[in-house]
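J.: Next up is a structure, given as structure tokens.
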Amino acid sequence: MPILSIDHVQIAMPPGEEDKARAFYIDILGFVEIPKPAELAKRGGAWFRSQNVQLHIGVETDFKPARKAHPAFIVSDIDSLIAKVQSAGYEIDTSQPPLDGYKRAHVFDPFGNRIELMQKV
């Protein structure tokens, strides 16, 4: 049976840091928060959406940031998004070489998780 699409990507964060997640993923990257089912909301974390992309951020008690594994998001204006991330004081790595047909950069959320941003060129 073939895989048809991705429903969501999940990354982790430390307990009690939902406001930091919202500040980064909503205010900086432009996601909107979507409600978690009541049973799952008890666990903490937050769910976000941007068009057809869903990002779930779950709580890990012994949290360690994902510095290698990462989601990659296609964006429409990477330069202005990088400037926004940088002006907010978050870590950025623009040293990665471009991939065929894409300009890209890595940004790091408030918890140190790596997020790749890619724009078609």
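Chains: A, B, ... in order of the structure tokens. Residues: from 1 per chain. Ligands: from 1, in order shown.
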Please provide the set of residues having any atom within 10 Å of Asp79 of chain A, restricted to only C-alpha atoms, with same-chain residues fewer than 6 positions apart removed, written as a list of chain:residue names.
T.: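 Once the nearby chain positions are removed, what remains is A:Val85, A:Lys103, A:Arg104, A:Ala105, A:Gln119.
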J.: For those residues, write N, CA, C and O atoms to a file as a PDB file, in the first residue's frame.
T.:
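Result went into result05.pdb, see below:
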```pdb
ATOM      1  N   VAL A  85      13.423  35.930  11.923  1.00  0.00           N
ATOM      2  CA  VAL A  85      13.963  35.005  12.928  1.00  0.00           C
ATOM      3  C   VAL A  85      15.179  35.639  13.601  1.00  0.00           C
ATOM      4  O   VAL A  85      15.314  35.613  14.825  1.00  0.00           O
ATOM      5  N   LYS A 103      16.911  27.565  -2.372  1.00  0.00           N
ATOM      6  CA  LYS A 103      17.710  28.305  -1.403  1.00  0.00           C
ATOM      7  C   LYS A 103      17.243  27.798  -0.051  1.00  0.00           C
ATOM      8  O   LYS A 103      16.042  27.551   0.135  1.00  0.00           O
ATOM      9  N   ARG A 104      18.159  27.642   0.909  1.00  0.00           N
ATOM     10  CA  ARG A 104      17.729  27.090   2.194  1.00  0.00           C
ATOM     11  C   ARG A 104      18.538  27.629   3.355  1.00  0.00           C
ATOM     12  O   ARG A 104      19.637  28.158   3.172  1.00  0.00           O
ATOM     13  N   ALA A 105      17.979  27.476   4.534  1.00  0.00           N
ATOM     14  CA  ALA A 105      18.646  27.867   5.777  1.00  0.00           C
ATOM     15  C   ALA A 105      18.062  27.026   6.906  1.00  0.00           C
ATOM     16  O   ALA A 105      16.942  26.514   6.798  1.00  0.00           O
ATOM     17  N   GLN A 119      13.230  27.590  -0.123  1.00  0.00           N
ATOM     18  CA  GLN A 119      12.470  28.356  -1.117  1.00  0.00           C
ATOM     19  C   GLN A 119      12.931  27.962  -2.508  1.00  0.00           C
ATOM     20  O   GLN A 119      14.135  27.932  -2.790  1.00  0.00           O
TER      21      GLN A 119
END
```
J.: Excluding Phe111 of chain A and residues on its chain fewer than 2 positions from it, collect all residues at most 7 Å away from it, counting only C-alpha atoms, and give them as a ChimeraX atom specification.
T.: /A:13,65,109,113
J.: Need the shell around segment 35-51 of chain A: protein/DNA/RNA residues with any atom at most 9 Å away, counting only C-alpha atoms. Skip same-chain ones fewer than 4 positions apart. Format as a list in words?
T.: Gln10, Ala12, Met13, Pro14, Pro15, Gly16, Glu17, Glu18, Ala21, Arg22, Tyr25, Ile26, Gly30, Phe31, Leu55, His56, Ile57, Gly58 and Val59 of chain A
J.: For the residues selected in the previous step, produce a file with N, CA, C and O atoms as a short mmCIF file (atom, residue, chain, number, x, y, z; two decimals), in the first residue's frame.
T.:
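Written out: part23.cif:
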```cif
data_model
loop_
_atom_site.label_atom_id
_atom_site.label_comp_id
_atom_site.auth_asym_id
_atom_site.auth_seq_id
_atom_site.Cartn_x
_atom_site.Cartn_y
_atom_site.Cartn_z
N GLN A 10 5.88 15.74 14.04
CA GLN A 10 5.95 16.06 15.46
C GLN A 10 7.39 16.25 15.88
O GLN A 10 8.27 15.49 15.49
N ALA A 12 9.63 17.86 19.60
CA ALA A 12 9.43 17.89 21.05
C ALA A 12 9.89 19.21 21.65
O ALA A 12 10.61 19.99 21.04
N MET A 13 9.42 19.41 22.88
CA MET A 13 9.81 20.58 23.66
C MET A 13 9.79 20.19 25.14
O MET A 13 9.20 19.17 25.51
N PRO A 14 10.41 20.99 25.99
CA PRO A 14 10.35 20.71 27.42
C PRO A 14 8.97 21.03 28.00
O PRO A 14 8.22 21.82 27.41
N PRO A 15 8.65 20.47 29.14
CA PRO A 15 7.36 20.75 29.78
C PRO A 15 7.18 22.23 30.11
O PRO A 15 8.13 22.92 30.47
N GLY A 16 5.94 22.71 29.96
CA GLY A 16 5.57 24.06 30.40
C GLY A 16 6.06 25.20 29.52
O GLY A 16 6.00 26.35 29.94
N GLU A 17 6.50 24.91 28.30
CA GLU A 17 7.06 25.94 27.44
C GLU A 17 6.16 26.28 26.25
O GLU A 17 6.62 26.80 25.23
N GLU A 18 4.87 26.03 26.37
CA GLU A 18 3.94 26.28 25.27
C GLU A 18 3.95 27.73 24.79
O GLU A 18 3.85 27.99 23.59
N ALA A 21 6.75 28.26 22.47
CA ALA A 21 6.44 27.62 21.18
C ALA A 21 5.52 28.51 20.37
O ALA A 21 5.74 28.73 19.18
N ARG A 22 4.49 29.04 21.00
CA ARG A 22 3.55 29.93 20.29
C ARG A 22 4.26 31.18 19.76
O ARG A 22 4.02 31.61 18.64
N TYR A 25 6.48 29.80 16.68
CA TYR A 25 5.78 29.20 15.54
C TYR A 25 4.64 30.06 15.00
O TYR A 25 4.37 30.03 13.79
N ILE A 26 3.99 30.84 15.85
CA ILE A 26 2.91 31.71 15.39
C ILE A 26 3.47 33.08 14.98
O ILE A 26 3.32 33.53 13.85
N GLY A 30 4.64 32.13 11.38
CA GLY A 30 3.34 32.37 10.76
C GLY A 30 2.34 31.23 10.80
O GLY A 30 1.33 31.26 10.10
N PHE A 31 2.58 30.24 11.63
CA PHE A 31 1.59 29.17 11.81
C PHE A 31 0.40 29.72 12.59
O PHE A 31 0.49 30.78 13.22
N LEU A 55 2.12 20.87 12.24
CA LEU A 55 3.25 20.64 13.12
C LEU A 55 2.70 20.42 14.53
O LEU A 55 1.99 21.28 15.05
N HIS A 56 3.02 19.28 15.11
CA HIS A 56 2.62 18.98 16.47
C HIS A 56 3.87 19.06 17.34
O HIS A 56 4.90 18.48 16.98
N ILE A 57 3.76 19.75 18.44
CA ILE A 57 4.89 19.85 19.36
C ILE A 57 4.48 19.17 20.66
O ILE A 57 3.56 19.62 21.35
N GLY A 58 5.13 18.07 20.94
CA GLY A 58 4.82 17.28 22.13
C GLY A 58 5.81 17.55 23.24
O GLY A 58 6.94 18.00 23.02
N VAL A 59 5.40 17.25 24.45
CA VAL A 59 6.22 17.47 25.64
C VAL A 59 7.03 16.22 25.95
O VAL A 59 6.49 15.11 25.95
#
```
J.: Would you pick out the contacts of Ser95 of chain A at 10 Å or less, using only C-alpha atoms, so that residues sharing its chain but fewer than 2 positions from it are not included, and give the list as a ChimeraX atom specification?
T.: /A:92-93,97-98,104-106
J.: Given the selection you just returned, output its residues as a file containing C-alpha atoms, formatted as a PDB file, in the first residue's frame.
T.:
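File written: out_6.pdb
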```pdb
ATOM      1  CA  ILE A  92      20.235  30.706  12.362  1.00  0.00           C
ATOM      2  CA  ASP A  93      22.585  28.674  10.154  1.00  0.00           C
ATOM      3  CA  PRO A  97      24.928  24.852   0.396  1.00  0.00           C
ATOM      4  CA  PRO A  98      21.843  25.273  -1.797  1.00  0.00           C
ATOM      5  CA  ARG A 104      17.729  27.090   2.194  1.00  0.00           C
ATOM      6  CA  ALA A 105      18.646  27.867   5.777  1.00  0.00           C
ATOM      7  CA  HIS A 106      18.332  26.249   9.166  1.00  0.00           C
TER       8      HIS A 106
END
```
J.: From the options A:Tyr90, A:Phe108, A:Phe63, A:Phe73, which residue's atoms come nearest to Lys120 of chain A, counting only C-alpha atoms?
T.: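 Looking only at the distances to Lys120 of chain A, the closest residue turns out to be A:Phe73.
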J.: I need the strand (DSSP E or B) residues of segment 23-102 of chain A per DSSP on the backbone, written as a count of residues only.
T.: 22
J.: Find the spatial neighbours of Arg114 of chain A, counting only C-alpha atoms, within a cut-off of 6 Å - ignore same-chain residues fewer than 3 positions away - and output them as a PyMOL selection string.
T.: chain A and resi 67+70+107-108
J.: Please produce an output containing C-alpha atoms for each residue in the selection, written as a short mmCIF file (atom, residue, chain, number, x, y, z; two decimals), in the first residue's frame.
T.:
```cif
data_model
loop_
_atom_site.label_atom_id
_atom_site.label_comp_id
_atom_site.auth_asym_id
_atom_site.auth_seq_id
_atom_site.Cartn_x
_atom_site.Cartn_y
_atom_site.Cartn_z
CA ARG A 67 19.93 19.28 16.31
CA HIS A 70 14.32 18.20 11.41
CA VAL A 107 16.73 28.10 12.04
CA PHE A 108 16.46 26.85 15.59
#
```
J.: Rounded to one decimal place, report the atom CA of Thr94 of chain A-atom CA of His8 of chain A distance in Å.
T.: 25.6 Å
J.: Give me, as a list in words, the residues of chain A that a backbone DSSP run labels alpha helix (DSSP H).
T.: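 Filtering chain A down to alpha helix (DSSP H) leaves Glu18, Asp19, Lys20, Ala21, Arg22, Ala38, Glu39, Leu40, Ala41, Ile78, Asp79, Ser80, Leu81, Ile82, Ala83, Lys84, Val85, Gln86 and Ser87 of chain A.
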J.: List the neighbours of Ile6 of chain A out to 10 Å using only C-alpha atoms; skip same-chain residues closer than 3 positions along the sequence, and give me the result as a ChimeraX atom specification.
T.: /A:3,9,52-54
J.: Quote the spacing between atom CA of Glu33 of chain A and atom CA of Val75 of chain A in Å to one decimal place.
T.: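 The value is 18.2 Å.
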